[in-house]
Amino acid sequence: MLLLINLTACQTRPAPNVSVTAPPSSSVLAAGIRAASAQLNPTQGSTVRGKVSFTRVENGIRVVADVTGLTPGPHGFHVHEKGDCSAADGSSAGAHFNPYGTPHGDLHADQRHVGDFGNLVADNSGTAHVDFVDVRIAFEGLASILGKAVIVHANPDDLVSQPAGNAGPRAACGVIEPVPGH
Ligand SMILES: [Cu+2]
Ligand SMILES: [Zn+2]
C-alpha cells in the first residue's frame, strides 16, 4: 500500500509547493478500504443515536446498524448525498444519495436510490438493530458511500412517495468514514 502511494505521488509530479503528505488519489485509497462506519448523533431535540458499520464481504457490503432513542416502530433509514451533519436539523446532508438518477424505493426494489435502506424498526424500548448485505452501495466508483451521511428519520419511509418516502424530520446524522486498518 505504501509503495503504491509513493508511486502515485511520483507519477503525478506535484508542484514543489504541494505537500508530499497529500492523500493519494481516491481510486488508490478506495482499493484498500474494506470497512467504514458512521457514528450517528442526534439532531436538535432528538434522542436518537447509534452506529452503522459497513464491511466488504464476498457478495456485497454488509450493513450493521444499532440505534437507540427511537420511538417504537419503523423509521426511514438512508444514505444522503453530503457528508455534512453540521445543520441542527440535519438538512446539510442534502437529498438521498442518488448517483444514477433513479426513483426512491425500498431496499430490495428494482428501482431505488443507492442510498435507500428502507426502514429501521425500533422495539418497545426504542432500540433498532439491522444486519443485511447490500449490492448497490460500494466503497469506490459512482456508488461509493464514503464521505456521504447516514440519516435516521423520525417517521416511517413509506417506500413509494417521491423523492424521499415522506419520512419526516431527520432524527440522527452521521458521516460515513473509512475505518483505519481495514
Ligand atoms: Cu433520509
Ligand atoms: Zn430515496
# chains A, B, ... in the order shown; residues from 1 in each chain; ligands from 1
>>> closest_atom_pairs(of="chain A", to="ligand 2", cutoff="8 Å", atoms="only C-alpha atoms and all ligand atoms", output="Markdown table")
| residue | atom | partner | partner_atom_place_in_ligand_line | distance |
| --- | --- | --- | --- | --- |
| A:His78 | CA | ligand 2 | 1 (Zn) | 6.9 |
| A:Ala95 | CA | ligand 2 | 1 (Zn) | 8.0 |
| A:His96 | CA | ligand 2 | 1 (Zn) | 5.0 |
| A:Phe97 | CA | ligand 2 | 1 (Zn) | 7.2 |
| A:Asn98 | CA | ligand 2 | 1 (Zn) | 7.3 |
| A:Pro103 | CA | ligand 2 | 1 (Zn) | 7.1 |
| A:His104 | CA | ligand 2 | 1 (Zn) | 4.0 |
| A:Gly105 | CA | ligand 2 | 1 (Zn) | 5.9 |
| A:Asp106 | CA | ligand 2 | 1 (Zn) | 8.0 |
| A:Arg112 | CA | ligand 2 | 1 (Zn) | 6.4 |
| A:His113 | CA | ligand 2 | 1 (Zn) | 4.8 |
| A:Val114 | CA | ligand 2 | 1 (Zn) | 7.6 |
| A:Gly115 | CA | ligand 2 | 1 (Zn) | 6.1 |
| A:Asp116 | CA | ligand 2 | 1 (Zn) | 4.7 |
| A:Gln162 | CA | ligand 2 | 1 (Zn) | 7.8 |
| A:Pro163 | CA | ligand 2 | 1 (Zn) | 6.3 |
| A:Ala164 | CA | ligand 2 | 1 (Zn) | 4.7 |
| A:Gly165 | CA | ligand 2 | 1 (Zn) | 6.7 |
>>> write_last_selection(atoms="N, CA and C atoms", output="tab-separated table (two decimals), in the first residue's frame")
chain	number	residue	atom	x	y	z
A	78	HIS	N	-31.50	6.00	5.53
A	78	HIS	CA	-30.95	6.27	4.20
A	78	HIS	C	-29.50	6.75	4.27
A	95	ALA	N	-30.06	15.62	-0.12
A	95	ALA	CA	-31.07	14.64	-0.53
A	95	ALA	C	-30.53	13.22	-0.41
A	96	HIS	N	-31.38	12.25	-0.72
A	96	HIS	CA	-30.93	10.86	-0.75
A	96	HIS	C	-29.80	10.71	-1.77
A	97	PHE	N	-28.82	9.87	-1.45
A	97	PHE	CA	-27.71	9.60	-2.37
A	97	PHE	C	-28.26	8.85	-3.58
A	98	ASN	N	-28.17	9.50	-4.74
A	98	ASN	CA	-28.87	9.01	-5.92
A	98	ASN	C	-28.02	9.21	-7.18
A	103	PRO	N	-35.67	6.52	-9.23
A	103	PRO	CA	-36.70	6.90	-8.26
A	103	PRO	C	-36.41	6.35	-6.87
A	104	HIS	N	-37.04	6.97	-5.87
A	104	HIS	CA	-36.97	6.47	-4.50
A	104	HIS	C	-37.70	5.13	-4.40
A	105	GLY	N	-37.17	4.23	-3.55
A	105	GLY	CA	-37.82	2.94	-3.38
A	105	GLY	C	-37.33	2.20	-2.15
A	106	ASP	N	-37.74	0.97	-2.03
A	106	ASP	CA	-37.36	0.12	-0.90
A	106	ASP	C	-35.97	-0.47	-1.13
A	112	ARG	N	-34.42	1.99	-7.01
A	112	ARG	CA	-34.28	2.70	-5.74
A	112	ARG	C	-33.11	3.65	-5.86
A	113	HIS	N	-33.02	4.59	-4.94
A	113	HIS	CA	-31.79	5.36	-4.80
A	113	HIS	C	-30.72	4.42	-4.23
A	114	VAL	N	-29.48	4.64	-4.58
A	114	VAL	CA	-28.41	3.84	-3.96
A	114	VAL	C	-28.48	3.98	-2.44
A	115	GLY	N	-28.90	5.15	-1.96
A	115	GLY	CA	-28.96	5.39	-0.52
A	115	GLY	C	-30.19	4.87	0.19
A	116	ASP	N	-31.08	4.20	-0.51
A	116	ASP	CA	-32.33	3.75	0.12
A	116	ASP	C	-32.15	2.42	0.86
A	162	GLN	N	-42.34	10.10	-3.63
A	162	GLN	CA	-41.13	10.71	-4.20
A	162	GLN	C	-40.98	12.12	-3.63
A	163	PRO	N	-39.75	12.59	-3.41
A	163	PRO	CA	-38.50	11.88	-3.72
A	163	PRO	C	-37.88	11.17	-2.53
A	164	ALA	N	-38.55	11.11	-1.39
A	164	ALA	CA	-37.84	10.64	-0.19
A	164	ALA	C	-38.68	9.82	0.77
A	165	GLY	N	-39.84	9.30	0.33
A	165	GLY	CA	-40.60	8.39	1.18
A	165	GLY	C	-41.36	9.05	2.32
>>> select_by_dssp(residues="stretch 28-163 of chain A", states="strand (DSSP E)", output="PyMOL selection string")
chain A and resi 35-42+49-57+60-68+73-80+116-122+128-134+149-153
>>> write_last_selection(atoms="N, CA and C atoms", output="compact mmCIF listing (two decimals), in the first residue's frame")
# COMPACT_ATOMS: atom_id res chain seq x y z
N ALA A 35 -13.67 -1.52 5.18
CA ALA A 35 -14.69 -1.22 6.18
C ALA A 35 -14.83 0.28 6.39
N ALA A 36 -16.04 0.66 6.75
CA ALA A 36 -16.33 2.07 7.04
C ALA A 36 -17.39 2.10 8.14
N SER A 37 -17.53 3.26 8.76
CA SER A 37 -18.57 3.35 9.79
C SER A 37 -19.07 4.77 9.90
N ALA A 38 -20.27 4.89 10.46
CA ALA A 38 -20.87 6.19 10.72
C ALA A 38 -21.36 6.21 12.16
N GLN A 39 -20.92 7.20 12.90
CA GLN A 39 -21.41 7.42 14.26
C GLN A 39 -22.60 8.36 14.15
N LEU A 40 -23.77 7.88 14.56
CA LEU A 40 -24.99 8.69 14.42
C LEU A 40 -25.20 9.54 15.66
N ASN A 41 -25.29 10.84 15.46
CA ASN A 41 -25.55 11.75 16.56
C ASN A 41 -26.91 12.39 16.41
N PRO A 42 -27.56 12.69 17.55
CA PRO A 42 -28.91 13.26 17.46
C PRO A 42 -28.92 14.66 16.87
N ARG A 49 -29.46 8.06 18.64
CA ARG A 49 -28.03 7.95 18.38
C ARG A 49 -27.69 6.49 18.10
N GLY A 50 -26.50 6.27 17.57
CA GLY A 50 -26.12 4.89 17.31
C GLY A 50 -24.93 4.79 16.39
N LYS A 51 -24.78 3.61 15.79
CA LYS A 51 -23.63 3.36 14.94
C LYS A 51 -24.05 2.47 13.77
N VAL A 52 -23.49 2.76 12.62
CA VAL A 52 -23.69 1.90 11.45
C VAL A 52 -22.32 1.49 10.95
N SER A 53 -22.12 0.18 10.76
CA SER A 53 -20.84 -0.28 10.21
C SER A 53 -21.07 -0.90 8.83
N PHE A 54 -20.10 -0.70 7.97
CA PHE A 54 -20.13 -1.20 6.60
C PHE A 54 -18.88 -2.03 6.39
N THR A 55 -19.05 -3.28 5.98
CA THR A 55 -17.90 -4.17 5.80
C THR A 55 -17.99 -4.87 4.45
N ARG A 56 -16.92 -4.82 3.70
CA ARG A 56 -16.89 -5.52 2.41
C ARG A 56 -16.94 -7.02 2.65
N VAL A 57 -17.87 -7.69 2.01
CA VAL A 57 -17.97 -9.15 2.09
C VAL A 57 -17.98 -9.69 0.65
N GLY A 60 -21.03 -8.38 -1.53
CA GLY A 60 -21.52 -7.01 -1.42
C GLY A 60 -20.93 -6.31 -0.23
N ILE A 61 -21.68 -5.41 0.37
CA ILE A 61 -21.25 -4.72 1.58
C ILE A 61 -22.27 -5.00 2.67
N ARG A 62 -21.75 -5.53 3.79
CA ARG A 62 -22.62 -5.83 4.92
C ARG A 62 -22.85 -4.56 5.73
N VAL A 63 -24.11 -4.31 6.05
CA VAL A 63 -24.51 -3.13 6.81
C VAL A 63 -25.07 -3.60 8.15
N VAL A 64 -24.49 -3.14 9.24
CA VAL A 64 -24.99 -3.47 10.57
C VAL A 64 -25.25 -2.16 11.31
N ALA A 65 -26.49 -1.97 11.76
CA ALA A 65 -26.86 -0.74 12.45
C ALA A 65 -27.42 -1.05 13.83
N ASP A 66 -26.99 -0.28 14.82
CA ASP A 66 -27.56 -0.33 16.16
C ASP A 66 -27.89 1.09 16.57
N VAL A 67 -29.17 1.33 16.81
CA VAL A 67 -29.65 2.69 17.07
C VAL A 67 -30.56 2.67 18.29
N THR A 68 -30.44 3.70 19.13
CA THR A 68 -31.27 3.81 20.34
C THR A 68 -31.98 5.17 20.35
N GLY A 73 -41.37 1.35 16.39
CA GLY A 73 -41.89 1.27 15.02
C GLY A 73 -40.85 1.65 13.99
N PRO A 74 -41.29 1.76 12.71
CA PRO A 74 -40.35 1.99 11.61
C PRO A 74 -39.88 3.44 11.47
N HIS A 75 -38.65 3.58 11.03
CA HIS A 75 -38.02 4.89 10.81
C HIS A 75 -37.20 4.85 9.52
N GLY A 76 -37.43 5.82 8.65
CA GLY A 76 -36.66 5.90 7.42
C GLY A 76 -35.17 5.88 7.69
N PHE A 77 -34.44 5.15 6.84
CA PHE A 77 -33.01 4.87 7.06
C PHE A 77 -32.34 4.96 5.70
N HIS A 78 -31.50 6.00 5.53
CA HIS A 78 -30.95 6.27 4.20
C HIS A 78 -29.50 6.75 4.27
N VAL A 79 -28.81 6.62 3.13
CA VAL A 79 -27.56 7.36 2.90
C VAL A 79 -27.94 8.61 2.13
N HIS A 80 -27.53 9.76 2.66
CA HIS A 80 -27.77 11.03 1.98
C HIS A 80 -26.49 11.51 1.30
N ASP A 116 -31.08 4.20 -0.51
CA ASP A 116 -32.33 3.75 0.12
C ASP A 116 -32.15 2.42 0.86
N PHE A 117 -32.26 2.49 2.19
CA PHE A 117 -32.15 1.29 3.03
C PHE A 117 -33.49 0.91 3.64
N GLY A 118 -34.59 1.54 3.21
CA GLY A 118 -35.89 1.19 3.77
C GLY A 118 -36.08 1.77 5.16
N ASN A 119 -36.50 0.91 6.09
CA ASN A 119 -36.76 1.35 7.46
C ASN A 119 -35.96 0.56 8.49
N LEU A 120 -35.60 1.27 9.56
CA LEU A 120 -35.16 0.62 10.79
C LEU A 120 -36.41 0.45 11.64
N VAL A 121 -36.59 -0.71 12.27
CA VAL A 121 -37.78 -0.91 13.10
C VAL A 121 -37.36 -1.00 14.56
N ALA A 122 -37.83 -0.03 15.36
CA ALA A 122 -37.47 0.00 16.77
C ALA A 122 -38.45 -0.81 17.60
N ALA A 128 -33.22 -0.28 17.76
CA ALA A 128 -33.32 -0.97 16.47
C ALA A 128 -31.99 -1.60 16.11
N HIS A 129 -32.08 -2.77 15.50
CA HIS A 129 -30.88 -3.47 15.01
C HIS A 129 -31.20 -4.04 13.63
N VAL A 130 -30.35 -3.79 12.66
CA VAL A 130 -30.48 -4.46 11.37
C VAL A 130 -29.12 -4.94 10.92
N ASP A 131 -29.14 -5.95 10.07
CA ASP A 131 -27.92 -6.58 9.57
C ASP A 131 -28.28 -7.16 8.21
N PHE A 132 -27.75 -6.56 7.15
CA PHE A 132 -28.06 -7.06 5.81
C PHE A 132 -26.86 -6.82 4.89
N VAL A 133 -26.86 -7.52 3.77
CA VAL A 133 -25.82 -7.31 2.75
C VAL A 133 -26.47 -6.62 1.56
N ASP A 134 -25.87 -5.52 1.12
CA ASP A 134 -26.41 -4.76 0.01
C ASP A 134 -25.45 -4.80 -1.17
N ALA A 149 -23.50 10.65 4.15
CA ALA A 149 -24.03 10.63 5.52
C ALA A 149 -25.18 9.65 5.65
N VAL A 150 -25.25 9.01 6.81
CA VAL A 150 -26.42 8.19 7.15
C VAL A 150 -27.40 9.06 7.94
N ILE A 151 -28.66 8.98 7.55
CA ILE A 151 -29.73 9.70 8.27
C ILE A 151 -30.76 8.68 8.75
N VAL A 152 -31.18 8.82 10.02
CA VAL A 152 -32.34 8.09 10.54
C VAL A 152 -33.43 9.12 10.77
N HIS A 153 -34.63 8.81 10.27
CA HIS A 153 -35.73 9.78 10.32
C HIS A 153 -36.67 9.54 11.49
>>> atom_distance(atom1="atom CA of A:Ile33", atom2="atom CA of A:Leu142")
15.4 Å
>>> closest_residue(among="A:Asp110, A:Asp157, A:Asp89, A:Glu140", to="ligand 1", atoms="only C-alpha atoms and all ligand atoms")
A:Asp157
>>> closest_residue(among="A:Val175, A:Ala167, A:Lys82, A:Ile137", to="ligand 1", atoms="only C-alpha atoms and all ligand atoms")
A:Ala167
>>> atom_distance(atom1="atom CA of A:Val160", atom2="atom CA of A:Gln111")
10.6 Å
>>> closest_residue(among="A:Val135, A:Ala171, A:Ile176, A:Ala143", to="A:Tyr100", atoms="only C-alpha atoms")
A:Ala143
>>> residues_around(residues="A:Gly83", least_positions_apart="5", cutoff="10 Å", atoms="only C-alpha atoms", output="number ranges by chain")
A: 92-94, 145-150, 173-177
>>> write_last_selection(atoms="C-alpha atoms", output="PDB file, in the first residue's frame")
ATOM      1  CA  SER A  92     -26.968  19.876   5.477  1.00  0.00           C
ATOM      2  CA  ALA A  93     -26.748  16.190   4.453  1.00  0.00           C
ATOM      3  CA  GLY A  94     -28.817  17.032   1.376  1.00  0.00           C
ATOM      4  CA  ILE A 145     -20.864   5.833   0.120  1.00  0.00           C
ATOM      5  CA  LEU A 146     -17.585   7.078   1.616  1.00  0.00           C
ATOM      6  CA  GLY A 147     -17.906  10.690   2.667  1.00  0.00           C
ATOM      7  CA  LYS A 148     -21.706  10.585   2.484  1.00  0.00           C
ATOM      8  CA  ALA A 149     -24.026  10.632   5.519  1.00  0.00           C
ATOM      9  CA  VAL A 150     -26.420   8.191   7.152  1.00  0.00           C
ATOM     10  CA  CYS A 173     -26.981  12.001  11.287  1.00  0.00           C
ATOM     11  CA  GLY A 174     -23.513  10.518  10.868  1.00  0.00           C
ATOM     12  CA  VAL A 175     -20.774  10.859   8.257  1.00  0.00           C
ATOM     13  CA  ILE A 176     -19.521   7.605   6.687  1.00  0.00           C
ATOM     14  CA  GLU A 177     -15.768   7.359   7.197  1.00  0.00           C
TER      15      GLU A 177
END
>>> residues_around(residues="A:Thr71", least_positions_apart="5", cutoff="8 Å", atoms="only C-alpha atoms", output="ChimeraX atom specification")
/A:122,124,126,154
>>> atom_distance(atom1="atom CA of A:Arg136", atom2="atom CA of A:Val48")
26.1 Å
>>> select_by_dssp(residues="stretch 12-167 of chain A", states="alpha helix (DSSP H)", output="PyMOL selection string")
chain A and resi 12+26-31
